[in-house]
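Trainee: One file: query_32.txt (compact mmCIF, C-alpha atoms (C1' of nucleotides)).
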```
# COMPACT_ATOMS: atom_id res chain seq x y z
CA MET A 1 109.69 90.70 78.22
CA ILE A 2 106.75 89.40 80.19
CA SER A 3 103.43 91.26 80.42
CA LYS A 4 102.39 93.23 83.47
CA ALA A 5 99.50 90.83 84.04
CA LEU A 6 101.87 87.88 84.16
CA GLU A 7 104.13 89.79 86.53
CA GLU A 8 101.22 90.01 88.94
CA TYR A 9 100.72 86.25 88.80
CA LEU A 10 104.39 85.67 89.38
CA LYS A 11 104.44 88.01 92.35
CA THR A 12 101.41 86.34 93.86
CA MET A 13 102.96 82.92 93.45
CA TYR A 14 106.13 84.04 95.14
CA VAL A 15 104.20 85.43 98.08
CA LEU A 16 102.08 82.28 98.40
CA LYS A 17 105.19 80.15 98.47
CA LYS A 18 106.55 82.24 101.34
CA GLN A 19 103.25 82.21 103.19
CA ASN A 20 102.05 78.64 102.69
CA GLY A 21 105.09 76.73 101.56
CA ASN A 22 103.29 75.74 98.38
CA ILE A 23 101.55 77.30 95.40
CA ARG A 24 98.09 76.24 94.37
CA VAL A 25 95.84 77.31 91.54
CA THR A 26 92.90 77.94 93.85
CA ASP A 27 94.92 80.12 96.19
CA ILE A 28 96.25 82.21 93.32
CA ALA A 29 92.73 82.62 91.96
CA ASN A 30 91.51 83.76 95.36
CA LYS A 31 94.29 86.27 95.93
CA MET A 32 93.96 87.68 92.47
CA GLU A 33 90.20 87.58 92.40
CA CYS A 34 90.03 85.76 89.11
CA THR A 35 88.94 82.32 87.95
CA LYS A 36 90.99 79.16 87.94
CA PRO A 37 91.15 78.89 84.16
CA SER A 38 92.78 82.33 84.08
CA VAL A 39 95.38 81.11 86.52
CA ASN A 40 95.92 78.02 84.44
CA LYS A 41 96.63 80.07 81.35
CA ALA A 42 99.00 82.36 83.18
CA LEU A 43 100.78 79.31 84.50
CA ASN A 44 101.30 77.95 81.02
CA ASN A 45 102.58 81.28 79.80
CA LEU A 46 105.00 81.58 82.70
CA LYS A 47 106.18 78.05 82.05
CA GLU A 48 106.74 78.99 78.42
CA GLU A 49 108.98 81.79 79.69
CA LYS A 50 110.84 79.38 81.96
CA LEU A 51 109.82 81.33 85.04
CA VAL A 52 107.82 78.48 86.51
CA ASN A 53 108.26 74.73 86.68
CA TYR A 54 105.18 72.60 86.57
CA GLU A 55 103.48 69.70 84.89
CA THR A 56 99.76 69.22 84.53
CA TYR A 57 98.27 68.40 87.94
CA GLY A 58 101.76 68.66 89.38
CA ILE A 59 103.57 70.84 91.87
CA ILE A 60 104.03 74.49 90.97
CA GLU A 61 107.38 76.12 91.64
CA LEU A 62 109.25 79.19 90.53
CA THR A 63 112.50 78.68 88.67
CA GLU A 64 115.56 80.65 89.74
CA GLN A 65 114.84 83.22 87.09
CA GLY A 66 111.23 83.30 88.18
CA GLU A 67 112.18 83.85 91.77
CA SER A 68 114.60 86.66 91.12
CA LEU A 69 112.15 88.40 88.83
CA ALA A 70 109.42 87.97 91.44
CA LYS A 71 111.65 89.58 94.04
CA LYS A 72 112.28 92.52 91.81
CA ILE A 73 108.60 92.94 91.10
CA LEU A 74 107.74 92.69 94.76
CA GLU A 75 110.31 95.31 95.59
CA ALA A 76 108.93 97.72 93.02
CA TYR A 77 105.45 97.10 94.28
CA ASP A 78 106.62 97.74 97.81
CA ILE A 79 108.25 101.02 96.93
CA ILE A 80 105.00 102.28 95.46
CA TYR A 81 103.04 100.90 98.38
CA VAL A 82 105.20 102.73 100.88
CA PHE A 83 104.92 105.95 98.98
CA LEU A 84 101.14 105.70 98.83
CA LYS A 85 100.74 104.70 102.43
CA GLU A 86 103.42 106.73 104.20
CA VAL A 87 103.67 109.77 101.99
CA LEU A 88 100.19 110.17 100.57
CA ASN A 89 98.46 108.57 103.54
CA LEU A 90 96.23 106.15 101.68
CA ASP A 91 94.87 103.51 103.99
CA GLU A 92 96.56 100.14 103.86
CA GLU A 93 94.05 98.28 101.73
CA LYS A 94 93.71 101.06 99.22
CA ALA A 95 97.45 101.49 99.05
CA LYS A 96 97.91 97.81 98.26
CA ARG A 97 95.31 97.74 95.54
CA GLU A 98 96.54 100.97 94.05
CA ALA A 99 100.20 99.95 94.20
CA GLU A 100 99.43 96.90 92.11
CA LYS A 101 97.73 98.93 89.44
CA ILE A 102 100.43 101.58 89.36
CA LYS A 103 103.15 98.97 89.38
CA SER A 104 101.59 97.66 86.18
CA SER A 105 102.14 100.89 84.32
CA ILE A 106 105.32 102.40 85.64
CA SER A 107 108.81 101.99 84.20
CA ASP A 108 111.89 100.75 86.00
CA GLU A 109 113.52 104.14 85.73
CA THR A 110 110.65 105.83 87.48
CA ILE A 111 110.54 103.19 90.19
CA ASN A 112 114.20 103.84 90.71
CA LYS A 113 113.68 107.52 91.22
CA LEU A 114 110.68 106.96 93.42
CA ALA A 115 112.76 104.59 95.50
CA LYS A 116 115.40 107.25 95.98
CA TYR A 117 112.80 109.80 96.84
CA VAL A 118 111.09 107.56 99.39
CA HIS A 119 114.49 106.83 100.77
CA GLU A 120 115.32 110.47 101.21
CA VAL A 121 111.95 111.50 102.56
CA LEU A 122 111.26 108.59 104.84
CA GLY A 123 114.57 106.96 105.40
CA LEU A 124 113.08 103.70 104.22
CA SER A 125 114.86 101.59 101.69
CA ASN A 126 115.08 98.02 100.55
CA LEU A 127 117.65 95.47 101.55
CA ASN A 128 119.35 93.75 98.60
CA CYS A 129 117.72 96.36 96.49
CA ASN A 130 117.72 95.96 92.73
CA TYR A 131 116.97 99.62 92.50
CA ASP A 132 119.95 101.90 92.90
CA ILE A 133 119.61 103.46 96.28
CA ASN A 134 122.59 104.72 98.18
CA GLN A 135 122.45 102.47 101.21
CA GLU A 136 125.17 104.45 102.94
CA LYS A 137 123.07 107.52 103.08
CA CYS A 138 120.91 106.34 105.91
CA ARG A 139 122.08 103.48 108.03
CA ASN A 140 118.86 103.42 109.95
CA CYS A 141 117.05 102.39 106.80
CA ILE A 142 118.33 98.90 107.21
CA LYS A 143 116.68 98.37 110.55
CA ARG A 144 113.48 100.13 109.75
CA THR A 145 113.18 98.40 106.42
CA ALA A 146 113.90 94.95 107.80
CA LYS A 147 111.15 95.41 110.32
CA ARG A 148 108.70 96.59 107.74
CA LYS A 149 109.58 93.78 105.35
CA GLU A 150 108.18 91.20 107.71
CA LYS A 151 104.69 92.42 107.17
CA ILE A 152 104.72 92.92 103.43
CA CYS A 153 101.71 91.41 101.63
CA MET B 1 82.29 104.84 82.90
CA ILE B 2 84.63 105.19 79.97
CA SER B 3 87.81 103.10 79.60
CA LYS B 4 91.26 104.51 80.30
CA ALA B 5 92.19 104.06 76.66
CA LEU B 6 89.25 106.18 75.57
CA GLU B 7 90.18 108.80 78.14
CA GLU B 8 93.52 109.15 76.42
CA TYR B 9 91.83 109.75 73.08
CA LEU B 10 89.55 112.31 74.61
CA LYS B 11 92.45 114.13 76.24
CA THR B 12 94.39 114.17 72.99
CA MET B 13 91.42 115.54 71.11
CA TYR B 14 90.96 118.30 73.64
CA VAL B 15 94.61 119.29 73.35
CA LEU B 16 94.54 119.24 69.56
CA LYS B 17 91.53 121.48 69.54
CA LYS B 18 93.41 123.99 71.72
CA GLN B 19 96.54 123.74 69.64
CA ASN B 20 95.20 123.62 66.09
CA GLY B 21 91.65 124.83 66.36
CA ASN B 22 90.44 121.57 64.89
CA ILE B 23 90.59 117.84 65.49
CA ARG B 24 91.64 115.44 62.79
CA VAL B 25 91.96 111.68 62.70
CA THR B 26 95.49 111.80 61.34
CA ASP B 27 96.68 114.20 64.02
CA ILE B 28 95.24 112.06 66.78
CA ALA B 29 96.89 108.98 65.27
CA ASN B 30 100.23 110.77 65.16
CA LYS B 31 100.06 112.07 68.72
CA MET B 32 98.98 108.74 70.08
CA GLU B 33 101.26 106.70 67.87
CA CYS B 34 98.52 104.43 66.64
CA THR B 35 96.79 103.81 63.34
CA LYS B 36 93.87 105.72 61.90
CA PRO B 37 91.43 102.84 62.17
CA SER B 38 92.10 102.74 65.91
CA VAL B 39 91.25 106.41 66.11
CA ASN B 40 88.13 105.82 64.11
CA LYS B 41 86.94 103.17 66.51
CA ALA B 42 87.67 105.32 69.51
CA LEU B 43 85.75 108.11 67.89
CA ASN B 44 82.70 105.93 67.43
CA ASN B 45 82.89 104.77 71.02
CA LEU B 46 83.19 108.32 72.30
CA LYS B 47 80.27 109.34 70.15
CA GLU B 48 78.28 106.47 71.62
CA GLU B 49 79.03 107.95 75.05
CA LYS B 50 77.95 111.39 73.89
CA LEU B 51 81.38 112.83 74.57
CA VAL B 52 82.04 113.69 70.95
CA ASN B 53 79.97 115.03 68.09
CA TYR B 54 80.76 113.89 64.63
CA GLU B 55 79.38 112.39 61.46
CA THR B 56 81.29 110.25 59.00
CA TYR B 57 83.82 112.40 57.13
CA GLY B 58 82.58 115.37 59.14
CA ILE B 59 83.97 117.74 61.70
CA ILE B 60 85.01 116.30 65.05
CA GLU B 61 84.11 118.20 68.21
CA LEU B 62 83.85 117.51 71.89
CA THR B 63 80.44 117.87 73.51
CA GLU B 64 80.14 119.86 76.72
CA GLN B 65 80.35 116.66 78.71
CA GLY B 66 83.32 115.61 76.63
CA GLU B 67 85.09 118.85 77.24
CA SER B 68 84.61 118.89 80.97
CA LEU B 69 85.72 115.29 81.27
CA ALA B 70 88.75 116.05 79.11
CA LYS B 71 89.67 118.92 81.39
CA LYS B 72 89.51 116.71 84.41
CA ILE B 73 91.63 114.05 82.75
CA LEU B 74 94.17 116.62 81.66
CA GLU B 75 94.37 117.99 85.16
CA ALA B 76 94.99 114.56 86.63
CA TYR B 77 97.60 113.89 84.00
CA ASP B 78 99.22 117.20 84.78
CA ILE B 79 99.42 116.51 88.49
CA ILE B 80 101.27 113.28 87.81
CA TYR B 81 103.45 114.96 85.23
CA VAL B 82 104.49 117.67 87.66
CA PHE B 83 105.26 115.14 90.33
CA LEU B 84 107.42 113.09 87.99
CA LYS B 85 109.21 116.06 86.54
CA GLU B 86 109.62 118.38 89.49
CA VAL B 87 109.78 115.94 92.36
CA LEU B 88 111.36 112.84 90.86
CA ASN B 89 113.32 114.76 88.22
CA LEU B 90 112.38 112.70 85.20
CA ASP B 91 113.17 114.54 82.02
CA GLU B 92 110.28 116.18 80.27
CA GLU B 93 109.65 113.60 77.57
CA LYS B 94 109.88 110.67 79.92
CA ALA B 95 107.65 112.42 82.43
CA LYS B 96 105.00 112.95 79.79
CA ARG B 97 105.02 109.39 78.56
CA GLU B 98 105.08 108.02 82.06
CA ALA B 99 102.34 110.32 83.31
CA GLU B 100 100.02 109.00 80.63
CA LYS B 101 100.61 105.43 81.62
CA ILE B 102 100.25 106.10 85.32
CA LYS B 103 97.19 108.22 84.76
CA SER B 104 95.64 105.14 83.18
CA SER B 105 95.93 103.11 86.32
CA ILE B 106 95.48 105.44 89.24
CA SER B 107 92.25 106.24 91.07
CA ASP B 108 90.71 109.64 91.61
CA GLU B 109 91.30 109.40 95.32
CA THR B 110 95.01 108.88 94.85
CA ILE B 111 95.24 111.69 92.33
CA ASN B 112 93.59 113.88 94.90
CA LYS B 113 96.13 113.07 97.54
CA LEU B 114 98.98 113.42 95.11
CA ALA B 115 97.62 116.81 94.13
CA LYS B 116 97.64 117.91 97.74
CA TYR B 117 101.12 116.58 98.21
CA VAL B 118 102.46 118.32 95.13
CA HIS B 119 100.75 121.45 96.32
CA GLU B 120 102.41 121.30 99.69
CA VAL B 121 105.83 120.34 98.44
CA LEU B 122 106.04 122.55 95.40
CA GLY B 123 103.44 125.19 95.92
CA LEU B 124 101.99 124.30 92.56
CA SER B 125 98.30 123.77 92.16
CA ASN B 126 95.65 123.88 89.51
CA LEU B 127 93.27 126.68 88.78
CA ASN B 128 89.61 125.65 88.73
CA CYS B 129 90.77 122.39 90.13
CA ASN B 130 88.40 119.45 90.27
CA TYR B 131 90.65 117.91 92.86
CA ASP B 132 90.21 119.21 96.36
CA ILE B 133 93.19 121.38 97.03
CA ASN B 134 93.09 124.16 99.54
CA GLN B 135 93.73 127.12 97.27
CA GLU B 136 94.11 129.45 100.24
CA LYS B 137 97.13 127.67 101.50
CA CYS B 138 99.47 129.13 98.97
CA ARG B 139 98.46 132.21 97.06
CA ASN B 140 101.56 132.08 94.93
CA CYS B 141 100.34 128.84 93.45
CA ILE B 142 97.95 130.72 91.29
CA LYS B 143 100.61 132.69 89.50
CA ARG B 144 103.07 129.89 89.18
CA THR B 145 100.42 127.49 88.04
CA ALA B 146 98.98 129.86 85.50
CA LYS B 147 102.40 130.32 83.99
CA ARG B 148 103.04 126.63 83.84
CA LYS B 149 99.65 125.91 82.35
CA GLU B 150 100.57 127.72 79.18
CA LYS B 151 103.10 125.12 78.26
CA ILE B 152 101.17 122.00 79.08
CA CYS B 153 101.28 119.35 76.34
C1' DC C 1 88.91 51.11 99.20
C1' DC C 2 85.51 53.59 97.33
C1' DT C 3 82.46 57.61 97.28
C1' DT C 4 82.34 62.38 97.45
C1' DA C 5 84.29 66.86 97.66
C1' DT C 6 87.94 69.62 96.24
C1' DT C 7 91.04 70.98 92.98
C1' DG C 8 92.79 71.53 88.33
C1' DT C 9 92.16 71.46 83.18
C1' DT C 10 90.19 72.11 78.72
C1' DA C 11 87.38 74.09 75.19
C1' DA C 12 84.73 77.54 73.41
C1' DC C 13 83.45 82.11 73.88
C1' DT C 14 83.74 87.42 75.12
C1' DT C 15 85.69 91.93 75.22
C1' DC C 16 89.02 95.41 74.43
C1' DA C 17 92.31 97.57 71.84
C1' DG C 18 94.89 97.32 68.52
C1' DT C 19 96.44 95.90 63.56
C1' DT C 20 96.63 95.49 57.92
C1' DA C 21 94.67 95.90 53.52
C1' DA C 22 91.45 97.72 50.65
C1' DC C 23 88.51 101.21 49.57
C1' DA C 24 85.94 105.81 49.71
C1' DT C 25 86.01 110.67 50.14
C1' DT C 26 87.88 115.14 50.17
C1' DA C 27 91.44 118.49 49.15
C1' DT C 28 95.29 120.26 46.35
C1' DA C 29 97.70 121.74 42.70
C1' DA C 30 98.97 121.48 37.48
C1' DT D 1 88.67 120.65 36.18
C1' DT D 2 90.55 116.77 36.59
C1' DA D 3 94.45 113.74 38.23
C1' DT D 4 96.82 112.91 42.31
C1' DA D 5 97.77 113.13 47.05
C1' DA D 6 96.06 113.19 51.56
C1' DT D 7 92.68 111.86 54.65
C1' DG D 8 89.10 108.95 56.60
C1' DT D 9 86.43 104.50 56.76
C1' DT D 10 85.36 99.71 56.70
C1' DA D 11 86.03 94.85 57.15
C1' DA D 12 88.41 91.10 58.68
C1' DC D 13 91.94 89.65 61.60
C1' DT D 14 95.22 89.32 65.89
C1' DG D 15 96.41 88.83 70.65
C1' DA D 16 95.91 89.43 75.56
C1' DA D 17 93.29 88.49 79.36
C1' DG D 18 89.56 87.27 81.06
C1' DT D 19 85.01 84.41 81.39
C1' DT D 20 81.52 79.98 81.81
C1' DA D 21 80.49 75.23 81.47
C1' DA D 22 81.87 70.75 81.41
C1' DC D 23 85.03 67.44 82.59
C1' DA D 24 89.28 64.99 84.71
C1' DA D 25 92.28 64.04 88.49
C1' DT D 26 93.41 64.00 93.19
C1' DA D 27 92.58 64.00 98.12
C1' DA D 28 89.95 62.92 102.29
C1' DG D 29 86.61 60.78 105.25
C1' DG D 30 83.51 57.19 106.30
```
Using the file provided, produce a representation of the structure as structure tokens.
Mentor:
Amino acid sequence: MISKALEEYLKTMYVLKKQNGNIRVTDIANKMECTKPSVNKALNNLKEEKLVNYETYGIIELTEQGESLAKKILEAYDIIYVFLKEVLNLDEEKAKREAEKIKSSISDETINKLAKYVHEVLGLSNLNCNYDINQEKCRNCIKRTAKRKEKIC
Amino acid sequence: MISKALEEYLKTMYVLKKQNGNIRVTDIANKMECTKPSVNKALNNLKEEKLVNYETYGIIELTEQGESLAKKILEAYDIIYVFLKEVLNLDEEKAKREAEKIKSSISDETINKLAKYVHEVLGLSNLNCNYDINQEKCRNCIKRTAKRKEKIC
DNA sequence: CCTTATTGTTAACTTCAGTTAACATTATAA
DNA sequence: TTATAATGTTAACTGAAGTTAACAATAAGG
């Protein structure tokens, strides 16, 4: 089991890959508002866990495991984000920051239940969801969610 | 500003005082599932912050500041607990454990909004609440909340 | 192609929150 | 009242996650 701090790094890397096509130490440090040596350490730890492939001064990439874990983390984060923004009406920036912090303390079980709740209240869900939502229950979710997904992060 | 870890100690001490009439290192350690030296350190830190009065081997008590902060922390914790238990349907034990962890990562602003939400959805609120709930909105809250308060912790 | 700027790495240190092991103090009960 | 059990304290250590300062490698522009 990886730490919550490392999960954040992994998530950030996944997002950067999507956004920029590559993953760089400096970009991670900027997004996470930390220093490059911190990123470097995280990188080595994630490599240790076989979630990331990279050699010193080389290209950084997520492994398959890394990618699927990142997706799961991102999904959890997104569920919390949606709840904060759409249900509690936090503004976007605040909701993002807060979702990260909460994500770092909440269990999978609770995320699961929150996902269901958000689903029921808002009719929003997640495609290919690792959390056990009944997709049948609201067919409109798919469309709405797909649209929303584009602007995550 | 005190750390989230110290807040947990303070909260626990407040609860123990209510429950047992006194506060002892061993009891704190048991409740928090940590060792006595950890408690001892926390105690010294809280003393440093003037939240706790105590001398080595002496009686432990919260200062006025300590008590009012503890109340606020407990209230925030309780708001999260209620949400998890009554809205998301976590079982009691899980909700307690989870509420503590979430409490340690969430901001006052978010707690505030969650409090309002819980209030609106469940008609539960907190007496003497430090969080800005409109008490007028649901007079029944008072009774229900008072009843619930008895069995907190 | 070589100088300079950018990017990445390493080493040594800090802080926080916990631990174990050893010891001191206080309380209990024979 | 004294031996023993329970409780509390201290010191020294661990590990996670960050930092700064110095340096190494790579990339880019003249």
Trainee: Write out as JSON lines a residue-level contact list of chain C versus chain A with cut-off 9 Å: for each qualifying residue the closest pair of atoms and the distance in Å to one decimal, counting all atoms listed in the file, rows sorted by chain and residue number upward.
Mentor:
```
{"residue": "C:DT7", "atom": "C1'", "partner": "A:Thr26", "partner_atom": "CA", "distance": 7.3}
{"residue": "C:DG8", "atom": "C1'", "partner": "A:Tyr57", "partner_atom": "CA", "distance": 6.3}
{"residue": "C:DT9", "atom": "C1'", "partner": "A:Pro37", "partner_atom": "CA", "distance": 7.6}
{"residue": "C:DT10", "atom": "C1'", "partner": "A:Pro37", "partner_atom": "CA", "distance": 8.7}
```
Trainee: Keeping only C-alpha atoms (C1' of nucleotides), write those residues as a JSON list (two decimals), in the coordinates of the input.
Mentor:
```json
[["chain", "number", "residue", "atom", "x", "y", "z"],
["C", 7, "DT", "C1'", 91.04, 70.98, 92.98],
["C", 8, "DG", "C1'", 92.79, 71.53, 88.33],
["C", 9, "DT", "C1'", 92.16, 71.46, 83.18],
["C", 10, "DT", "C1'", 90.19, 72.11, 78.72]]
```
Trainee: Please produce chain A as a tab-separated table (two decimals) with C-alpha atoms, in the coordinates of the input once it has been superposed on chain B, the fit using all Cα atoms paired in sequence order.
Mentor:
```tsv
chain	number	residue	atom	x	y	z
A	1	MET	CA	82.36	104.83	82.94
A	2	ILE	CA	84.69	105.20	80.00
A	3	SER	CA	87.88	103.14	79.61
A	4	LYS	CA	91.32	104.54	80.29
A	5	ALA	CA	92.23	104.09	76.63
A	6	LEU	CA	89.28	106.20	75.55
A	7	GLU	CA	90.21	108.82	78.12
A	8	GLU	CA	93.56	109.17	76.39
A	9	TYR	CA	91.85	109.76	73.05
A	10	LEU	CA	89.57	112.33	74.59
A	11	LYS	CA	92.47	114.15	76.20
A	12	THR	CA	94.39	114.19	72.95
A	13	MET	CA	91.41	115.56	71.08
A	14	TYR	CA	90.97	118.32	73.60
A	15	VAL	CA	94.61	119.31	73.31
A	16	LEU	CA	94.50	119.26	69.51
A	17	LYS	CA	91.48	121.51	69.52
A	18	LYS	CA	93.37	124.01	71.68
A	19	GLN	CA	96.50	123.76	69.58
A	20	ASN	CA	95.13	123.64	66.04
A	21	GLY	CA	91.57	124.83	66.32
A	22	ASN	CA	90.35	121.57	64.85
A	23	ILE	CA	90.53	117.84	65.47
A	24	ARG	CA	91.57	115.44	62.76
A	25	VAL	CA	91.90	111.69	62.68
A	26	THR	CA	95.42	111.83	61.27
A	27	ASP	CA	96.62	114.23	63.93
A	28	ILE	CA	95.20	112.08	66.71
A	29	ALA	CA	96.85	109.01	65.21
A	30	ASN	CA	100.17	110.81	65.07
A	31	LYS	CA	100.05	112.10	68.63
A	32	MET	CA	98.98	108.77	69.98
A	33	GLU	CA	101.26	106.74	67.78
A	34	CYS	CA	98.52	104.46	66.56
A	35	THR	CA	96.76	103.83	63.26
A	36	LYS	CA	93.83	105.73	61.85
A	37	PRO	CA	91.40	102.83	62.14
A	38	SER	CA	92.10	102.74	65.88
A	39	VAL	CA	91.24	106.41	66.08
A	40	ASN	CA	88.10	105.81	64.10
A	41	LYS	CA	86.92	103.17	66.52
A	42	ALA	CA	87.67	105.31	69.53
A	43	LEU	CA	85.74	108.11	67.89
A	44	ASN	CA	82.69	105.92	67.47
A	45	ASN	CA	82.90	104.76	71.05
A	46	LEU	CA	83.21	108.31	72.34
A	47	LYS	CA	80.26	109.32	70.20
A	48	GLU	CA	78.29	106.44	71.69
A	49	GLU	CA	79.06	107.94	75.10
A	50	LYS	CA	77.96	111.38	73.93
A	51	LEU	CA	81.39	112.82	74.60
A	52	VAL	CA	82.03	113.68	70.98
A	53	ASN	CA	79.92	115.02	68.15
A	54	TYR	CA	80.70	113.84	64.68
A	55	GLU	CA	79.30	112.33	61.53
A	56	THR	CA	81.19	110.19	59.07
A	57	TYR	CA	83.68	112.36	57.18
A	58	GLY	CA	82.45	115.31	59.21
A	59	ILE	CA	83.87	117.72	61.73
A	60	ILE	CA	84.95	116.30	65.08
A	61	GLU	CA	84.06	118.20	68.23
A	62	LEU	CA	83.83	117.50	71.92
A	63	THR	CA	80.44	117.86	73.55
A	64	GLU	CA	80.14	119.84	76.77
A	65	GLN	CA	80.39	116.65	78.76
A	66	GLY	CA	83.34	115.60	76.66
A	67	GLU	CA	85.10	118.86	77.25
A	68	SER	CA	84.65	118.89	80.98
A	69	LEU	CA	85.77	115.30	81.27
A	70	ALA	CA	88.78	116.07	79.08
A	71	LYS	CA	89.71	118.93	81.37
A	72	LYS	CA	89.54	116.71	84.38
A	73	ILE	CA	91.67	114.08	82.72
A	74	LEU	CA	94.20	116.64	81.62
A	75	GLU	CA	94.41	118.00	85.12
A	76	ALA	CA	95.04	114.57	86.59
A	77	TYR	CA	97.64	113.90	83.98
A	78	ASP	CA	99.28	117.21	84.77
A	79	ILE	CA	99.44	116.52	88.47
A	80	ILE	CA	101.29	113.28	87.82
A	81	TYR	CA	103.50	114.95	85.26
A	82	VAL	CA	104.53	117.65	87.70
A	83	PHE	CA	105.27	115.14	90.38
A	84	LEU	CA	107.44	113.07	88.05
A	85	LYS	CA	109.26	116.03	86.61
A	86	GLU	CA	109.64	118.35	89.59
A	87	VAL	CA	109.78	115.92	92.46
A	88	LEU	CA	111.36	112.82	90.97
A	89	ASN	CA	113.34	114.72	88.35
A	90	LEU	CA	112.42	112.65	85.32
A	91	ASP	CA	113.25	114.48	82.14
A	92	GLU	CA	110.37	116.14	80.36
A	93	GLU	CA	109.76	113.56	77.65
A	94	LYS	CA	109.96	110.64	80.01
A	95	ALA	CA	107.72	112.38	82.50
A	96	LYS	CA	105.07	112.93	79.84
A	97	ARG	CA	105.10	109.37	78.62
A	98	GLU	CA	105.13	107.99	82.12
A	99	ALA	CA	102.38	110.32	83.34
A	100	GLU	CA	100.08	109.01	80.65
A	101	LYS	CA	100.66	105.42	81.64
A	102	ILE	CA	100.28	106.11	85.34
A	103	LYS	CA	97.22	108.24	84.75
A	104	SER	CA	95.68	105.17	83.15
A	105	SER	CA	95.92	103.13	86.31
A	106	ILE	CA	95.46	105.49	89.20
A	107	SER	CA	92.21	106.28	91.00
A	108	ASP	CA	90.67	109.69	91.53
A	109	GLU	CA	91.24	109.47	95.25
A	110	THR	CA	94.93	108.92	94.81
A	111	ILE	CA	95.21	111.73	92.29
A	112	ASN	CA	93.54	113.93	94.83
A	113	LYS	CA	96.06	113.11	97.49
A	114	LEU	CA	98.94	113.44	95.09
A	115	ALA	CA	97.61	116.84	94.10
A	116	LYS	CA	97.60	117.94	97.71
A	117	TYR	CA	101.05	116.60	98.22
A	118	VAL	CA	102.45	118.33	95.14
A	119	HIS	CA	100.73	121.43	96.32
A	120	GLU	CA	102.34	121.29	99.71
A	121	VAL	CA	105.78	120.33	98.49
A	122	LEU	CA	106.03	122.55	95.47
A	123	GLY	CA	103.42	125.18	95.95
A	124	LEU	CA	102.00	124.28	92.58
A	125	SER	CA	98.32	123.72	92.14
A	126	ASN	CA	95.68	123.84	89.48
A	127	LEU	CA	93.32	126.67	88.74
A	128	ASN	CA	89.65	125.63	88.63
A	129	CYS	CA	90.80	122.39	90.07
A	130	ASN	CA	88.42	119.45	90.17
A	131	TYR	CA	90.65	117.93	92.76
A	132	ASP	CA	90.18	119.24	96.26
A	133	ILE	CA	93.16	121.39	96.96
A	134	ASN	CA	93.03	124.18	99.47
A	135	GLN	CA	93.71	127.13	97.21
A	136	GLU	CA	94.02	129.47	100.18
A	137	LYS	CA	97.01	127.67	101.48
A	138	CYS	CA	99.40	129.12	98.98
A	139	ARG	CA	98.41	132.19	97.07
A	140	ASN	CA	101.53	132.04	94.98
A	141	CYS	CA	100.31	128.80	93.47
A	142	ILE	CA	97.94	130.71	91.30
A	143	LYS	CA	100.64	132.67	89.56
A	144	ARG	CA	103.10	129.87	89.27
A	145	THR	CA	100.47	127.47	88.06
A	146	ALA	CA	99.04	129.86	85.50
A	147	LYS	CA	102.47	130.31	84.03
A	148	ARG	CA	103.13	126.63	83.90
A	149	LYS	CA	99.74	125.89	82.37
A	150	GLU	CA	100.65	127.71	79.21
A	151	LYS	CA	103.17	125.11	78.29
A	152	ILE	CA	101.25	121.98	79.13
A	153	CYS	CA	101.32	119.32	76.39
```
Trainee: Extract, using all atoms listed in the file, all DNA, RNA and protein residues at most 6 Å from Ala99 in chain A, discarding same-chain residues fewer than 6 positions from it, and format them as a PyMOL selection string.
Mentor: chain A and resi 77+80-81
Trainee: Can I get the selected residues back with C-alpha atoms, as a PDB file, in the frame of the given file?
Mentor:
```
ATOM      1  CA  TYR A  77     105.450  97.100  94.280  1.00  0.00           C
ATOM      2  CA  ILE A  80     105.000 102.280  95.460  1.00  0.00           C
ATOM      3  CA  TYR A  81     103.040 100.900  98.380  1.00  0.00           C
TER       4      TYR A  81
END
```
Trainee: Taking all atoms listed in the file into account, which residues of chain B are within 12 Å of chain A, as number ranges by chain?
Mentor: B: 80-81, 83-91, 94-118, 120-121
Trainee: Go ahead and write the residues just picked, C-alpha atoms, as a short mmCIF file (atom, residue, chain, number, x, y, z; two decimals), keeping the file's coordinate frame.
Mentor:
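Contents of part15.cif, as written:
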```
data_model
loop_
_atom_site.label_atom_id
_atom_site.label_comp_id
_atom_site.auth_asym_id
_atom_site.auth_seq_id
_atom_site.Cartn_x
_atom_site.Cartn_y
_atom_site.Cartn_z
CA ILE B 80 101.27 113.28 87.81
CA TYR B 81 103.45 114.96 85.23
CA PHE B 83 105.26 115.14 90.33
CA LEU B 84 107.42 113.09 87.99
CA LYS B 85 109.21 116.06 86.54
CA GLU B 86 109.62 118.38 89.49
CA VAL B 87 109.78 115.94 92.36
CA LEU B 88 111.36 112.84 90.86
CA ASN B 89 113.32 114.76 88.22
CA LEU B 90 112.38 112.70 85.20
CA ASP B 91 113.17 114.54 82.02
CA LYS B 94 109.88 110.67 79.92
CA ALA B 95 107.65 112.42 82.43
CA LYS B 96 105.00 112.95 79.79
CA ARG B 97 105.02 109.39 78.56
CA GLU B 98 105.08 108.02 82.06
CA ALA B 99 102.34 110.32 83.31
CA GLU B 100 100.02 109.00 80.63
CA LYS B 101 100.61 105.43 81.62
CA ILE B 102 100.25 106.10 85.32
CA LYS B 103 97.19 108.22 84.76
CA SER B 104 95.64 105.14 83.18
CA SER B 105 95.93 103.11 86.32
CA ILE B 106 95.48 105.44 89.24
CA SER B 107 92.25 106.24 91.07
CA ASP B 108 90.71 109.64 91.61
CA GLU B 109 91.30 109.40 95.32
CA THR B 110 95.01 108.88 94.85
CA ILE B 111 95.24 111.69 92.33
CA ASN B 112 93.59 113.88 94.90
CA LYS B 113 96.13 113.07 97.54
CA LEU B 114 98.98 113.42 95.11
CA ALA B 115 97.62 116.81 94.13
CA LYS B 116 97.64 117.91 97.74
CA TYR B 117 101.12 116.58 98.21
CA VAL B 118 102.46 118.32 95.13
CA GLU B 120 102.41 121.30 99.69
CA VAL B 121 105.83 120.34 98.44
#
```
